[in-house]
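Engineer: Take this structure first; my questions come after.
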Amino acid sequence: MSTDIKTVLQLNQKSEFSSTTIPLPSSKSESNRVLVIDALTEGTNKITNLAEARDTQTMIRLLRKNPPVYDVLDAGTTMRFLTAYATVTNQNKVMTGTPRMCERPIGILVDALRSIGAEIHYLGVEGYPPLAIHGLSAQTADKVKIRGDVSSQYISAMLMIAPILPQGLEIELEGKVGSRTYIEMTLELMAQFGINYQWKDNKISVAHQSYQATAFAVESDWSGASYWFSLLACADSGALFLEGLKENSLQGDSKIVEIMDHLGIKSTFKEGGVLLQKQPVKGLEKWDFTHCPDLAQTVAVTCAILGQNAVFTGLESLKIKETDRIYALQQELAKFNADLKEIEPEVYQVIPSVTMPSLVEIHTYDDHRMGMAFMPLLTKTNVLIEDPAVVNKSYPSFWKHCEILGIEMETIS
């Protein structure tokens with residue numbers, strides 16, 4: 001966690017918003033998958049609307065320049081996807097990143113790659129970056145078992161390289177499968193580039209085949225959209241039109257529509273995006289975030305503000321994200337007299353705020369989603385966001401879009 005906080009951004013309280021259009025950024029999740037598929041395709045793809053997110057720009061830079069060391073900074077998908085990519089393309093690479101990135105586990109993916117013939121060595125702590133890849137000279141197995149409950153990114157990384165393997169690959173998912181929608185996204189994107197697959201029970205089979213060159217436009221980002229749902233839910237009045245979102249999205253975070261229907265937001269899909277309008281709060285009693293964990297921070301803050309004692313499950317992966325998001329949520333919710341309390345193992349309840357301070361200072365823990373998830377607090381009080389540039393990881397234009405809504409902000413240090 002960085003101790004060198006350069007700036008603090010003050011957001012002035014505002015609870016009413018006029019009807020406004022938000023030009024959402026492109027999906028980081030789709031972009032990073034399509035970039036790997038593009039790199040594995042024989043032929044020329046026409047890829048448009050790639051994300052402005054730092055994670056995606058890092059992926060683009062590393063694939064384009066192909067340096068001997070892939071320094072992914074703090075980009076988890078870039079680390080996992082490029083580890084598999086460098087292996088299947090038989091390259092010699094060192095994979096590394098920020099100190100926090102080197103604390104995030106990668107052993108499950110490395111074990112899977114080794115089991116099919118990859119030569120990979122750890123350069124530090126076993127099971128964690130940095131690591132040295134020495135390619136895959138010969139495929140030694142066509143079946144692999146991967147735990148489904150740790151990170152879907154390991155599974156997606158293996159799936160995207162599966163068609164390139166001479167023998168193809170069968171992946172058996174062991175135990176509970178988390179973030180299933182992200183696995184489905186990966187497979188559907190592969191299908192759009194000509195790949196056939198079978199998913200039966202807990203086994204996914206991909207035969208040896210070639211990606212076909214095609215044209216693909218990346219959808220807007222539903223994860224980024226979630227913060228505007230939250231803002232309007234917490235506001236007294238307003239309406240928002242979010243550009244570039246599809247009703248039948250590949251992104252699991254489109255579940256925010258269903259969640260926010262309980263929390264006072266009516267969503268109407270129109271040409272070019274989705275219109276958000278306020279409606280009475282129906283109440284959210286319980287939600288399982290297994291397949292949309294990146295929404296948990298947004299929804300926790302919303303419930304804390306709206307007085308909802310919601311129970312959350314499926315948060316297991318939050319502890320190995322950019323920070324321990326469970327701990328971070330608990331610390332920051334406490335600053336306005338709310339909590340995320342573990343009421344039984346892996347079951348958490350939001351304890352809403354009963355009194356709101358006149359000013360709340362939010363620490364962001366080097367985590368882009370902490371900065372954005374707590375922004376809607378400005379509907380109830382003045383907010384200080386430490387290290388506001390943290391949003392650059394996924395949504396560099398976030399604060400500019402806040403200004404579009406008339407939110408007054410000032411850098412105070």
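Please note that chains go A, B, ... in the order of the structure tokens, that every chain numbers its residues from 1, and that ligands are numbered from 1 in the order shown.
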Leaving out range 295-300 of chain A and any residue of its chain fewer than 5 positions from it, which residues lie within 10 Å of it when counting only C-alpha atoms, given as a PDB file with C-alpha atoms, in the first residue's frame?

Structural biologist:
```pdb
ATOM      1  CA  TRP A 222     -20.636  -1.963 -16.703  1.00  0.00           C
ATOM      2  CA  SER A 223     -18.271  -1.866 -13.710  1.00  0.00           C
ATOM      3  CA  GLY A 224     -17.734   1.833 -14.367  1.00  0.00           C
ATOM      4  CA  SER A 226     -22.201   0.965 -11.372  1.00  0.00           C
ATOM      5  CA  TYR A 227     -20.944   4.136  -9.662  1.00  0.00           C
ATOM      6  CA  TRP A 228     -23.506   6.271 -11.503  1.00  0.00           C
ATOM      7  CA  PHE A 229     -26.300   3.868 -10.545  1.00  0.00           C
ATOM      8  CA  SER A 230     -25.155   4.289  -6.946  1.00  0.00           C
ATOM      9  CA  LEU A 231     -24.925   8.075  -7.162  1.00  0.00           C
ATOM     10  CA  GLY A 252     -21.329  -9.991 -15.480  1.00  0.00           C
ATOM     11  CA  ASP A 253     -21.444  -6.571 -13.841  1.00  0.00           C
ATOM     12  CA  SER A 254     -24.568  -5.791 -15.872  1.00  0.00           C
ATOM     13  CA  LYS A 255     -26.228  -7.415 -12.822  1.00  0.00           C
ATOM     14  CA  ILE A 256     -26.115  -3.909 -11.364  1.00  0.00           C
ATOM     15  CA  ILE A 259     -29.462  -5.027  -7.889  1.00  0.00           C
ATOM     16  CA  MET A 260     -30.275  -1.338  -8.229  1.00  0.00           C
ATOM     17  CA  LEU A 263     -32.346   0.196  -4.380  1.00  0.00           C
ATOM     18  CA  LEU A 284     -32.297  -5.410  -0.811  1.00  0.00           C
ATOM     19  CA  TRP A 287     -27.184 -10.696  -2.620  1.00  0.00           C
ATOM     20  CA  ASP A 288     -24.631 -13.277  -3.759  1.00  0.00           C
ATOM     21  CA  PHE A 289     -21.646 -11.551  -5.413  1.00  0.00           C
ATOM     22  CA  THR A 290     -19.938 -14.788  -6.496  1.00  0.00           C
ATOM     23  CA  ILE A 305     -26.238   5.252   2.798  1.00  0.00           C
ATOM     24  CA  LEU A 306     -29.806   4.106   2.064  1.00  0.00           C
ATOM     25  CA  GLN A 308     -30.377  -1.237   3.954  1.00  0.00           C
ATOM     26  CA  ASN A 309     -29.268  -4.073   6.267  1.00  0.00           C
ATOM     27  CA  ALA A 310     -28.372  -6.264   3.287  1.00  0.00           C
ATOM     28  CA  VAL A 311     -26.578  -9.596   3.678  1.00  0.00           C
ATOM     29  CA  PHE A 312     -23.747 -10.303   1.208  1.00  0.00           C
ATOM     30  CA  THR A 313     -22.207 -13.624   0.223  1.00  0.00           C
ATOM     31  CA  GLY A 314     -19.701 -14.574  -2.483  1.00  0.00           C
ATOM     32  CA  LEU A 315     -17.042 -12.101  -1.328  1.00  0.00           C
ATOM     33  CA  LEU A 318     -12.188  -9.646  -2.469  1.00  0.00           C
ATOM     34  CA  ARG A 325     -11.343  -5.097  -0.035  1.00  0.00           C
ATOM     35  CA  ILE A 326     -13.215  -6.538   2.941  1.00  0.00           C
ATOM     36  CA  ALA A 328     -10.788  -1.631   3.336  1.00  0.00           C
ATOM     37  CA  LEU A 329     -14.589  -1.448   3.229  1.00  0.00           C
ATOM     38  CA  GLN A 330     -14.854  -2.003   6.966  1.00  0.00           C
ATOM     39  CA  LEU A 333     -17.569   2.553   6.194  1.00  0.00           C
ATOM     40  CA  ALA A 338     -21.548   2.101   9.070  1.00  0.00           C
ATOM     41  CA  ASP A 339     -19.998  -1.377   8.885  1.00  0.00           C
ATOM     42  CA  LEU A 340     -19.668  -4.579   6.878  1.00  0.00           C
ATOM     43  CA  GLN A 349     -24.123  -7.820   6.696  1.00  0.00           C
ATOM     44  CA  VAL A 350     -24.162  -4.123   5.930  1.00  0.00           C
ATOM     45  CA  ILE A 351     -24.811  -2.102   9.076  1.00  0.00           C
ATOM     46  CA  PRO A 352     -26.133   1.226   7.752  1.00  0.00           C
ATOM     47  CA  ARG A 369     -12.743   0.900  -6.897  1.00  0.00           C
ATOM     48  CA  MET A 370     -12.423   2.350  -3.390  1.00  0.00           C
ATOM     49  CA  MET A 372     -15.127   5.474  -7.077  1.00  0.00           C
ATOM     50  CA  ALA A 373     -17.393   3.416  -4.801  1.00  0.00           C
ATOM     51  CA  PHE A 374     -17.324   6.051  -2.036  1.00  0.00           C
ATOM     52  CA  MET A 375     -17.927   8.998  -4.366  1.00  0.00           C
ATOM     53  CA  PRO A 376     -21.766   8.781  -3.905  1.00  0.00           C
TER      54      PRO A 376
END
```

Engineer: With DSSP run on the backbone, what are the alpha helix (DSSP H) residues within range 1-231 of chain A? I'd like them as an mmCIF file with N, CA and C atoms, in the first residue's frame.

Structural biologist:
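The result, written out as states07.cif:
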```cif
data_model
loop_
_atom_site.group_PDB
_atom_site.id
_atom_site.type_symbol
_atom_site.label_atom_id
_atom_site.label_comp_id
_atom_site.auth_asym_id
_atom_site.auth_seq_id
_atom_site.Cartn_x
_atom_site.Cartn_y
_atom_site.Cartn_z
ATOM 1 N N LYS A 28 -12.793 -2.636 -19.632
ATOM 2 C CA LYS A 28 -11.431 -3.139 -19.430
ATOM 3 C C LYS A 28 -11.397 -4.657 -19.584
ATOM 4 N N SER A 29 -12.416 -5.331 -19.060
ATOM 5 C CA SER A 29 -12.444 -6.796 -19.109
ATOM 6 C C SER A 29 -12.498 -7.315 -20.542
ATOM 7 N N GLU A 30 -13.398 -6.707 -21.349
ATOM 8 C CA GLU A 30 -13.461 -7.112 -22.754
ATOM 9 C C GLU A 30 -12.179 -6.744 -23.478
ATOM 10 N N SER A 31 -11.684 -5.543 -23.258
ATOM 11 C CA SER A 31 -10.500 -5.064 -23.972
ATOM 12 C C SER A 31 -9.304 -5.974 -23.751
ATOM 13 N N ASN A 32 -9.046 -6.337 -22.491
ATOM 14 C CA ASN A 32 -7.853 -7.133 -22.200
ATOM 15 C C ASN A 32 -7.943 -8.531 -22.788
ATOM 16 N N ARG A 33 -9.139 -9.091 -22.836
ATOM 17 C CA ARG A 33 -9.302 -10.407 -23.464
ATOM 18 C C ARG A 33 -9.113 -10.319 -24.970
ATOM 19 N N VAL A 34 -9.722 -9.296 -25.581
ATOM 20 C CA VAL A 34 -9.642 -9.153 -27.031
ATOM 21 C C VAL A 34 -8.200 -8.895 -27.474
ATOM 22 N N LEU A 35 -7.439 -8.175 -26.666
ATOM 23 C CA LEU A 35 -6.041 -7.913 -27.019
ATOM 24 C C LEU A 35 -5.219 -9.196 -27.060
ATOM 25 N N VAL A 36 -5.458 -10.104 -26.118
ATOM 26 C CA VAL A 36 -4.743 -11.387 -26.134
ATOM 27 C C VAL A 36 -5.187 -12.220 -27.330
ATOM 28 N N ILE A 37 -6.498 -12.272 -27.570
ATOM 29 C CA ILE A 37 -7.008 -13.014 -28.726
ATOM 30 C C ILE A 37 -6.435 -12.437 -30.017
ATOM 31 N N ASP A 38 -6.391 -11.119 -30.102
ATOM 32 C CA ASP A 38 -5.828 -10.460 -31.281
ATOM 33 C C ASP A 38 -4.374 -10.870 -31.501
ATOM 34 N N ALA A 39 -3.603 -10.923 -30.411
ATOM 35 C CA ALA A 39 -2.193 -11.294 -30.514
ATOM 36 C C ALA A 39 -2.005 -12.749 -30.941
ATOM 37 N N LEU A 40 -3.019 -13.582 -30.679
ATOM 38 C CA LEU A 40 -2.941 -15.005 -31.028
ATOM 39 C C LEU A 40 -3.578 -15.319 -32.384
ATOM 40 N N ARG A 54 -5.679 2.231 -17.481
ATOM 41 C CA ARG A 54 -4.240 1.992 -17.429
ATOM 42 C C ARG A 54 -3.907 0.519 -17.625
ATOM 43 N N ASP A 55 -4.738 -0.364 -17.069
ATOM 44 C CA ASP A 55 -4.500 -1.802 -17.250
ATOM 45 C C ASP A 55 -4.461 -2.173 -18.726
ATOM 46 N N THR A 56 -5.409 -1.652 -19.494
ATOM 47 C CA THR A 56 -5.471 -1.963 -20.924
ATOM 48 C C THR A 56 -4.333 -1.299 -21.680
ATOM 49 N N GLN A 57 -4.038 -0.052 -21.348
ATOM 50 C CA GLN A 57 -2.930 0.631 -22.018
ATOM 51 C C GLN A 57 -1.598 -0.059 -21.731
ATOM 52 N N THR A 58 -1.467 -0.620 -20.529
ATOM 53 C CA THR A 58 -0.263 -1.396 -20.192
ATOM 54 C C THR A 58 -0.188 -2.650 -21.064
ATOM 55 N N MET A 59 -1.305 -3.329 -21.234
ATOM 56 C CA MET A 59 -1.363 -4.521 -22.089
ATOM 57 C C MET A 59 -0.977 -4.175 -23.525
ATOM 58 N N ILE A 60 -1.536 -3.095 -24.056
ATOM 59 C CA ILE A 60 -1.228 -2.668 -25.422
ATOM 60 C C ILE A 60 0.265 -2.399 -25.572
ATOM 61 N N ARG A 61 0.819 -1.667 -24.618
ATOM 62 C CA ARG A 61 2.246 -1.298 -24.688
ATOM 63 C C ARG A 61 3.153 -2.524 -24.650
ATOM 64 N N LEU A 62 2.861 -3.457 -23.744
ATOM 65 C CA LEU A 62 3.724 -4.635 -23.617
ATOM 66 C C LEU A 62 3.631 -5.531 -24.846
ATOM 67 N N LEU A 63 2.443 -5.697 -25.390
ATOM 68 C CA LEU A 63 2.304 -6.525 -26.582
ATOM 69 C C LEU A 63 2.969 -5.869 -27.793
ATOM 70 N N ARG A 64 2.893 -4.555 -27.864
ATOM 71 C CA ARG A 64 3.458 -3.847 -29.012
ATOM 72 C C ARG A 64 4.987 -3.821 -28.945
ATOM 73 N N LYS A 65 5.540 -3.498 -27.780
ATOM 74 C CA LYS A 65 6.994 -3.355 -27.660
ATOM 75 C C LYS A 65 7.696 -4.664 -27.364
ATOM 76 N N GLY A 76 -3.870 -6.927 -12.633
ATOM 77 C CA GLY A 76 -4.017 -8.357 -12.387
ATOM 78 C C GLY A 76 -4.311 -9.156 -13.641
ATOM 79 N N THR A 77 -5.289 -8.696 -14.460
ATOM 80 C CA THR A 77 -5.600 -9.442 -15.678
ATOM 81 C C THR A 77 -4.408 -9.464 -16.620
ATOM 82 N N THR A 78 -3.688 -8.351 -16.697
ATOM 83 C CA THR A 78 -2.525 -8.290 -17.577
ATOM 84 C C THR A 78 -1.467 -9.284 -17.129
ATOM 85 N N MET A 79 -1.238 -9.391 -15.823
ATOM 86 C CA MET A 79 -0.278 -10.367 -15.287
ATOM 87 C C MET A 79 -0.688 -11.789 -15.648
ATOM 88 N N ARG A 80 -1.939 -12.143 -15.374
ATOM 89 C CA ARG A 80 -2.378 -13.530 -15.588
ATOM 90 C C ARG A 80 -2.440 -13.874 -17.073
ATOM 91 N N PHE A 81 -3.032 -12.956 -17.878
ATOM 92 C CA PHE A 81 -3.212 -13.252 -19.299
ATOM 93 C C PHE A 81 -1.872 -13.308 -20.037
ATOM 94 N N LEU A 82 -0.960 -12.380 -19.724
ATOM 95 C CA LEU A 82 0.320 -12.366 -20.434
ATOM 96 C C LEU A 82 1.233 -13.498 -19.980
ATOM 97 N N THR A 83 1.051 -13.990 -18.759
ATOM 98 C CA THR A 83 1.810 -15.172 -18.328
ATOM 99 C C THR A 83 1.466 -16.357 -19.227
ATOM 100 N N ALA A 84 0.185 -16.567 -19.463
ATOM 101 C CA ALA A 84 -0.239 -17.666 -20.342
ATOM 102 C C ALA A 84 0.162 -17.396 -21.787
ATOM 103 N N TYR A 85 0.004 -16.148 -22.229
ATOM 104 C CA TYR A 85 0.340 -15.790 -23.606
ATOM 105 C C TYR A 85 1.828 -16.002 -23.897
ATOM 106 N N ALA A 86 2.696 -15.500 -23.012
ATOM 107 C CA ALA A 86 4.139 -15.659 -23.222
ATOM 108 C C ALA A 86 4.526 -17.129 -23.231
ATOM 109 N N THR A 87 3.838 -17.927 -22.406
ATOM 110 C CA THR A 87 4.136 -19.355 -22.340
ATOM 111 C C THR A 87 3.769 -20.057 -23.643
ATOM 112 N N VAL A 88 2.543 -19.845 -24.129
ATOM 113 C CA VAL A 88 2.082 -20.578 -25.311
ATOM 114 C C VAL A 88 2.798 -20.123 -26.582
ATOM 115 N N GLY A 107 0.086 -18.908 -8.264
ATOM 116 C CA GLY A 107 0.503 -20.310 -8.252
ATOM 117 C C GLY A 107 -0.454 -21.246 -8.971
ATOM 118 N N ILE A 108 -1.758 -21.003 -8.868
ATOM 119 C CA ILE A 108 -2.725 -21.890 -9.523
ATOM 120 C C ILE A 108 -2.533 -21.870 -11.029
ATOM 121 N N LEU A 109 -2.300 -20.688 -11.604
ATOM 122 C CA LEU A 109 -2.072 -20.585 -13.042
ATOM 123 C C LEU A 109 -0.737 -21.213 -13.438
ATOM 124 N N VAL A 110 0.302 -20.930 -12.671
ATOM 125 C CA VAL A 110 1.619 -21.500 -12.977
ATOM 126 C C VAL A 110 1.573 -23.027 -12.912
ATOM 127 N N ASP A 111 0.908 -23.571 -11.903
ATOM 128 C CA ASP A 111 0.783 -25.036 -11.790
ATOM 129 C C ASP A 111 0.056 -25.614 -13.005
ATOM 130 N N ALA A 112 -0.993 -24.936 -13.444
ATOM 131 C CA ALA A 112 -1.745 -25.407 -14.615
ATOM 132 C C ALA A 112 -0.874 -25.399 -15.868
ATOM 133 N N LEU A 113 -0.112 -24.321 -16.048
ATOM 134 C CA LEU A 113 0.773 -24.229 -17.209
ATOM 135 C C LEU A 113 1.888 -25.270 -17.147
ATOM 136 N N ARG A 114 2.458 -25.453 -15.968
ATOM 137 C CA ARG A 114 3.496 -26.474 -15.808
ATOM 138 C C ARG A 114 2.957 -27.866 -16.115
ATOM 139 N N SER A 115 1.689 -28.113 -15.750
ATOM 140 C CA SER A 115 1.122 -29.454 -15.928
ATOM 141 C C SER A 115 0.962 -29.827 -17.398
ATOM 142 N N SER A 152 -11.274 -16.314 -11.527
ATOM 143 C CA SER A 152 -11.651 -16.741 -12.870
ATOM 144 C C SER A 152 -10.597 -16.346 -13.897
ATOM 145 N N GLN A 153 -9.722 -15.405 -13.539
ATOM 146 C CA GLN A 153 -8.695 -14.969 -14.481
ATOM 147 C C GLN A 153 -7.722 -16.093 -14.823
ATOM 148 N N TYR A 154 -7.459 -16.989 -13.883
ATOM 149 C CA TYR A 154 -6.604 -18.142 -14.188
ATOM 150 C C TYR A 154 -7.257 -19.003 -15.266
ATOM 151 N N ILE A 155 -8.560 -19.219 -15.114
ATOM 152 C CA ILE A 155 -9.302 -20.062 -16.053
ATOM 153 C C ILE A 155 -9.375 -19.379 -17.414
ATOM 154 N N SER A 156 -9.669 -18.087 -17.437
ATOM 155 C CA SER A 156 -9.726 -17.347 -18.702
ATOM 156 C C SER A 156 -8.380 -17.355 -19.415
ATOM 157 N N ALA A 157 -7.304 -17.204 -18.653
ATOM 158 C CA ALA A 157 -5.961 -17.226 -19.250
ATOM 159 C C ALA A 157 -5.701 -18.549 -19.960
ATOM 160 N N MET A 158 -6.067 -19.665 -19.309
ATOM 161 C CA MET A 158 -5.864 -20.988 -19.907
ATOM 162 C C MET A 158 -6.789 -21.194 -21.105
ATOM 163 N N LEU A 159 -8.021 -20.695 -21.014
ATOM 164 C CA LEU A 159 -8.964 -20.868 -22.126
ATOM 165 C C LEU A 159 -8.482 -20.166 -23.387
ATOM 166 N N MET A 160 -7.976 -18.947 -23.255
ATOM 167 C CA MET A 160 -7.594 -18.183 -24.445
ATOM 168 C C MET A 160 -6.422 -18.804 -25.189
ATOM 169 N N ILE A 161 -5.537 -19.510 -24.475
ATOM 170 C CA ILE A 161 -4.415 -20.156 -25.160
ATOM 171 C C ILE A 161 -4.760 -21.562 -25.627
ATOM 172 N N ARG A 180 -18.394 -16.765 -12.614
ATOM 173 C CA ARG A 180 -18.715 -17.574 -13.794
ATOM 174 C C ARG A 180 -18.969 -16.700 -15.022
ATOM 175 N N THR A 181 -19.564 -15.529 -14.821
ATOM 176 C CA THR A 181 -19.882 -14.675 -15.959
ATOM 177 C C THR A 181 -18.625 -14.214 -16.696
ATOM 178 N N TYR A 182 -17.501 -14.098 -15.970
ATOM 179 C CA TYR A 182 -16.250 -13.701 -16.623
ATOM 180 C C TYR A 182 -15.709 -14.841 -17.486
ATOM 181 N N ILE A 183 -15.911 -16.076 -17.051
ATOM 182 C CA ILE A 183 -15.516 -17.233 -17.866
ATOM 183 C C ILE A 183 -16.392 -17.287 -19.110
ATOM 184 N N GLU A 184 -17.687 -17.065 -18.919
ATOM 185 C CA GLU A 184 -18.616 -17.043 -20.056
ATOM 186 C C GLU A 184 -18.250 -15.929 -21.036
ATOM 187 N N MET A 185 -17.841 -14.764 -20.516
ATOM 188 C CA MET A 185 -17.410 -13.673 -21.379
ATOM 189 C C MET A 185 -16.219 -14.096 -22.235
ATOM 190 N N THR A 186 -15.243 -14.729 -21.601
ATOM 191 C CA THR A 186 -14.050 -15.176 -22.325
ATOM 192 C C THR A 186 -14.425 -16.122 -23.451
ATOM 193 N N LEU A 187 -15.263 -17.097 -23.146
ATOM 194 C CA LEU A 187 -15.660 -18.082 -24.159
ATOM 195 C C LEU A 187 -16.460 -17.443 -25.286
ATOM 196 N N GLU A 188 -17.349 -16.514 -24.943
ATOM 197 C CA GLU A 188 -18.158 -15.867 -25.979
ATOM 198 C C GLU A 188 -17.286 -14.993 -26.877
ATOM 199 N N LEU A 189 -16.310 -14.317 -26.300
ATOM 200 C CA LEU A 189 -15.393 -13.523 -27.116
ATOM 201 C C LEU A 189 -14.569 -14.431 -28.029
ATOM 202 N N MET A 190 -14.107 -15.558 -27.497
ATOM 203 C CA MET A 190 -13.391 -16.531 -28.327
ATOM 204 C C MET A 190 -14.272 -17.000 -29.480
ATOM 205 N N ALA A 191 -15.549 -17.240 -29.193
ATOM 206 C CA ALA A 191 -16.489 -17.690 -30.225
ATOM 207 C C ALA A 191 -16.646 -16.638 -31.320
ATOM 208 N N GLN A 192 -16.624 -15.366 -30.923
ATOM 209 C CA GLN A 192 -16.761 -14.308 -31.920
ATOM 210 C C GLN A 192 -15.550 -14.237 -32.840
ATOM 211 N N TRP A 222 -19.576 -1.881 -17.712
ATOM 212 C CA TRP A 222 -20.636 -1.963 -16.703
ATOM 213 C C TRP A 222 -20.092 -1.746 -15.289
ATOM 214 N N SER A 223 -18.854 -2.123 -15.037
ATOM 215 C CA SER A 223 -18.271 -1.866 -13.710
ATOM 216 C C SER A 223 -18.225 -0.368 -13.468
ATOM 217 N N GLY A 224 -17.769 0.382 -14.477
ATOM 218 C CA GLY A 224 -17.734 1.833 -14.367
ATOM 219 C C GLY A 224 -19.123 2.435 -14.259
ATOM 220 N N ALA A 225 -20.098 1.806 -14.925
ATOM 221 C CA ALA A 225 -21.474 2.298 -14.862
ATOM 222 C C ALA A 225 -22.056 2.204 -13.454
ATOM 223 N N SER A 226 -21.595 1.227 -12.682
ATOM 224 C CA SER A 226 -22.201 0.965 -11.372
ATOM 225 C C SER A 226 -22.133 2.170 -10.437
ATOM 226 N N TYR A 227 -21.103 2.997 -10.569
ATOM 227 C CA TYR A 227 -20.944 4.136 -9.662
ATOM 228 C C TYR A 227 -22.011 5.195 -9.922
ATOM 229 N N TRP A 228 -22.468 5.300 -11.175
ATOM 230 C CA TRP A 228 -23.506 6.271 -11.503
ATOM 231 C C TRP A 228 -24.873 5.758 -11.061
ATOM 232 N N PHE A 229 -25.095 4.448 -11.143
ATOM 233 C CA PHE A 229 -26.300 3.868 -10.545
ATOM 234 C C PHE A 229 -26.358 4.223 -9.060
ATOM 235 N N SER A 230 -25.229 4.033 -8.381
ATOM 236 C CA SER A 230 -25.155 4.289 -6.946
ATOM 237 C C SER A 230 -25.394 5.762 -6.629
ATOM 238 N N LEU A 231 -24.771 6.642 -7.400
ATOM 239 C CA LEU A 231 -24.925 8.075 -7.162
ATOM 240 C C LEU A 231 -26.387 8.482 -7.251
#
```

Engineer: So which residues touch range 380-388 of chain A within 7 Å, counting only C-alpha atoms, skipping near sequence neighbours fewer than 6 positions away, as a PDB file with C-alpha atoms, in the first residue's frame?

Structural biologist:
```
ATOM      1  CA  ILE A   5      -0.355  10.185  -1.054  1.00  0.00           C
ATOM      2  CA  LYS A   6       0.282  13.162  -3.323  1.00  0.00           C
ATOM      3  CA  THR A   7      -3.145  14.760  -3.425  1.00  0.00           C
ATOM      4  CA  VAL A   8      -6.560  14.850  -1.775  1.00  0.00           C
ATOM      5  CA  LEU A   9      -9.683  15.746  -3.719  1.00  0.00           C
ATOM      6  CA  GLN A  10     -12.549  17.491  -1.953  1.00  0.00           C
ATOM      7  CA  LEU A  11     -16.050  16.763  -3.276  1.00  0.00           C
ATOM      8  CA  ASN A  12     -18.690  19.224  -2.153  1.00  0.00           C
ATOM      9  CA  GLN A  13     -22.082  17.909  -1.082  1.00  0.00           C
ATOM     10  CA  SER A  15     -27.914  15.768  -3.759  1.00  0.00           C
ATOM     11  CA  SER A 358     -20.151  16.804   8.104  1.00  0.00           C
ATOM     12  CA  LEU A 359     -16.966  15.616   6.370  1.00  0.00           C
ATOM     13  CA  VAL A 360     -15.677  12.115   5.552  1.00  0.00           C
ATOM     14  CA  GLU A 361     -12.118  11.409   4.370  1.00  0.00           C
ATOM     15  CA  ILE A 362     -11.754   8.206   2.338  1.00  0.00           C
ATOM     16  CA  HIS A 363      -8.468   6.352   2.052  1.00  0.00           C
ATOM     17  CA  THR A 364      -8.214   4.473  -1.260  1.00  0.00           C
ATOM     18  CA  GLY A 371     -12.116   5.858  -4.807  1.00  0.00           C
TER      19      GLY A 371
END
```

Engineer: Could you jot down the CA of Pro166 in chain A to CA of Ile116 in chain A separation for me, Å, one decimal place?

Structural biologist: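 That distance, rounded to one decimal, is 11.0 Å.
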
Engineer: With distances taken over only C-alpha atoms, which of A:Pro67, A:Pro163, A:Ala53, A:Gln212 is nearest to Val390 in chain A?

Structural biologist: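 The answer is A:Ala53, which sits nearest to Val390 in chain A.
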
Engineer: For the structure I just gave you, how does DSSP split range 290-381 of chain A - specifically, which residues are strand (DSSP E)? Reply as a ChimeraX atom specification.

Structural biologist: /A:311-313,339-344,347-351,359-362

Engineer: Write the residues of the preceding selection, restricted to N, CA and C atoms, as a tab-separated table (two decimals), in the first residue's frame.

Structural biologist:
```tsv
chain	number	residue	atom	x	y	z
A	311	VAL	N	-27.54	-8.52	3.40
A	311	VAL	CA	-26.58	-9.60	3.68
A	311	VAL	C	-25.89	-9.98	2.37
A	312	PHE	N	-24.55	-10.01	2.40
A	312	PHE	CA	-23.75	-10.30	1.21
A	312	PHE	C	-23.04	-11.64	1.36
A	313	THR	N	-23.04	-12.43	0.30
A	313	THR	CA	-22.21	-13.62	0.22
A	313	THR	C	-21.41	-13.56	-1.08
A	339	ASP	N	-20.91	-0.24	8.75
A	339	ASP	CA	-20.00	-1.38	8.89
A	339	ASP	C	-20.38	-2.46	7.88
A	340	LEU	N	-19.43	-3.34	7.61
A	340	LEU	CA	-19.67	-4.58	6.88
A	340	LEU	C	-19.22	-5.68	7.83
A	341	LYS	N	-20.19	-6.25	8.52
A	341	LYS	CA	-19.90	-7.16	9.63
A	341	LYS	C	-20.02	-8.62	9.20
A	342	GLU	N	-19.01	-9.42	9.53
A	342	GLU	CA	-19.06	-10.85	9.23
A	342	GLU	C	-19.93	-11.52	10.30
A	343	ILE	N	-21.13	-11.94	9.90
A	343	ILE	CA	-22.09	-12.49	10.87
A	343	ILE	C	-21.97	-14.00	11.00
A	344	GLU	N	-21.37	-14.63	10.02
A	344	GLU	CA	-20.95	-16.03	10.08
A	344	GLU	C	-19.89	-16.19	9.01
A	347	VAL	N	-20.11	-14.74	5.39
A	347	VAL	CA	-21.41	-14.08	5.25
A	347	VAL	C	-21.32	-12.72	5.95
A	348	TYR	N	-21.62	-11.66	5.21
A	348	TYR	CA	-21.44	-10.31	5.73
A	348	TYR	C	-22.75	-9.54	5.67
A	349	GLN	N	-22.94	-8.67	6.67
A	349	GLN	CA	-24.12	-7.82	6.70
A	349	GLN	C	-23.72	-6.36	6.74
A	350	VAL	N	-24.37	-5.56	5.90
A	350	VAL	CA	-24.16	-4.12	5.93
A	350	VAL	C	-24.92	-3.55	7.13
A	351	ILE	N	-24.20	-2.83	7.97
A	351	ILE	CA	-24.81	-2.10	9.08
A	351	ILE	C	-24.87	-0.64	8.65
A	359	LEU	N	-18.07	15.83	7.31
A	359	LEU	CA	-16.97	15.62	6.37
A	359	LEU	C	-16.43	14.20	6.58
A	360	VAL	N	-16.23	13.47	5.47
A	360	VAL	CA	-15.68	12.11	5.55
A	360	VAL	C	-14.46	12.03	4.63
A	361	GLU	N	-13.34	11.56	5.17
A	361	GLU	CA	-12.12	11.41	4.37
A	361	GLU	C	-11.91	9.92	4.07
A	362	ILE	N	-11.85	9.59	2.78
A	362	ILE	CA	-11.75	8.21	2.34
A	362	ILE	C	-10.34	7.89	1.89
```

Engineer: Just want the 10 Å neighbourhood of Lys270 in chain A, counted on only C-alpha atoms, with same-chain residues fewer than 2 positions away dropped. Output as a count of residues only.

Structural biologist: 12

Engineer: Find the residue from A:Pro23, A:Ser249, A:Gly178, A:Pro280 that sits nearest to Asp261 in chain A; use only C-alpha atoms when measuring.

Structural biologist: A:Pro280
